[in-house]
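S.K.: Handing you a structure now.
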Amino acid sequence: MSGVWVSKNGVIRLNDGSTGDQQSLRKKVLVHLPTGQVISSYNSLEQMLRELGWERYYGDIELLQFHKRNSIDLISLPKDFSKFNSVYMYDIVIKNPNVFHVRDC
């Protein structure tokens, strides 16, 4: 099961995109707030994460992972950038507040 947990009017539900909700069908992009740059590849994302103190973690060969020293945080991403969706984007935003933002494209 995959999707995004959505809170609306005090009710939390899993939005898997199958409801026909137009909001969930919009494509999302990850934006680096200091530069306004839309992340379009793992190369640019990795460079920005490294500047924030994240290091590559090689614990799982099926995933692209980053770990922040002196932290329990781990960012796990699919190896294929085309599978990089809003679930992964929001994980990055939560672990890097005020640096990244998810928006509709």
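Labeling convention for the structure tokens: chains A, B, ... as they appear, residues from 1 per chain, ligands from 1 in order of appearance.
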List every residue of chain A that DSSP, applied to the backbone, labels as alpha helix (DSSP H), and write the result as a PyMOL selection string.
M.R.: chain A and resi 22-25+42-51+86-95
S.K.: Pull C-alpha atoms from the residues just selected and write them as a compact mmCIF listing (two decimals), in the first residue's frame.
M.R.:
```txt
# COMPACT_ATOMS: atom_id res chain seq x y z
CA GLN A 22 -7.91 16.26 -8.54
CA GLN A 23 -5.59 17.57 -5.82
CA SER A 24 -3.89 14.16 -5.52
CA LEU A 25 -3.47 13.82 -9.30
CA TYR A 42 19.56 12.92 -7.81
CA ASN A 43 22.88 14.59 -8.61
CA SER A 44 21.57 18.03 -7.71
CA LEU A 45 19.69 16.68 -4.67
CA GLU A 46 22.77 14.85 -3.40
CA GLN A 47 24.91 18.00 -3.72
CA MET A 48 22.38 20.03 -1.70
CA LEU A 49 22.03 17.33 0.96
CA ARG A 50 25.82 17.09 1.31
CA GLU A 51 25.97 20.84 1.94
CA SER A 86 5.69 13.16 -3.14
CA VAL A 87 6.08 10.60 -0.33
CA TYR A 88 9.88 10.82 -0.65
CA MET A 89 9.74 14.58 -1.15
CA TYR A 90 7.81 15.15 2.07
CA ASP A 91 10.27 12.92 3.94
CA ILE A 92 13.09 15.23 2.81
CA VAL A 93 11.08 18.35 3.77
CA ILE A 94 10.37 17.03 7.28
CA LYS A 95 14.03 16.20 7.87
```
S.K.: If you run DSSP over the backbone, which residues in segment 15-101 of chain A end up strand (DSSP E)? Put them as a list in words.
M.R.: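 Residues meeting the strand (DSSP E) criterion: Asn15, Lys28, Val29, Leu30, Val31, His32, Gln37, Val38, Trp54, Glu55, Arg56, Tyr57, Leu63, Leu64, Gln65, Phe66, His67, Lys68, Leu74, Ile75, Ser76, Leu77, Pro78, Phe100 and His101 of chain A.
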S.K.: Counting only C-alpha atoms, which residue out of A:Glu55, A:Asn85, A:Val6, A:Pro78 sits closest to Arg103 of chain A?
M.R.: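 Residue with the minimum atom-to-atom distance to Arg103 of chain A: A:Asn85.
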S.K.: Nearest to Asp80 of chain A: which of A:Ser41, A:Asn96, A:Gly36, A:Asp60 is it, counting only C-alpha atoms?
M.R.: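 Smallest separation from Asp80 of chain A among the options: A:Ser41.
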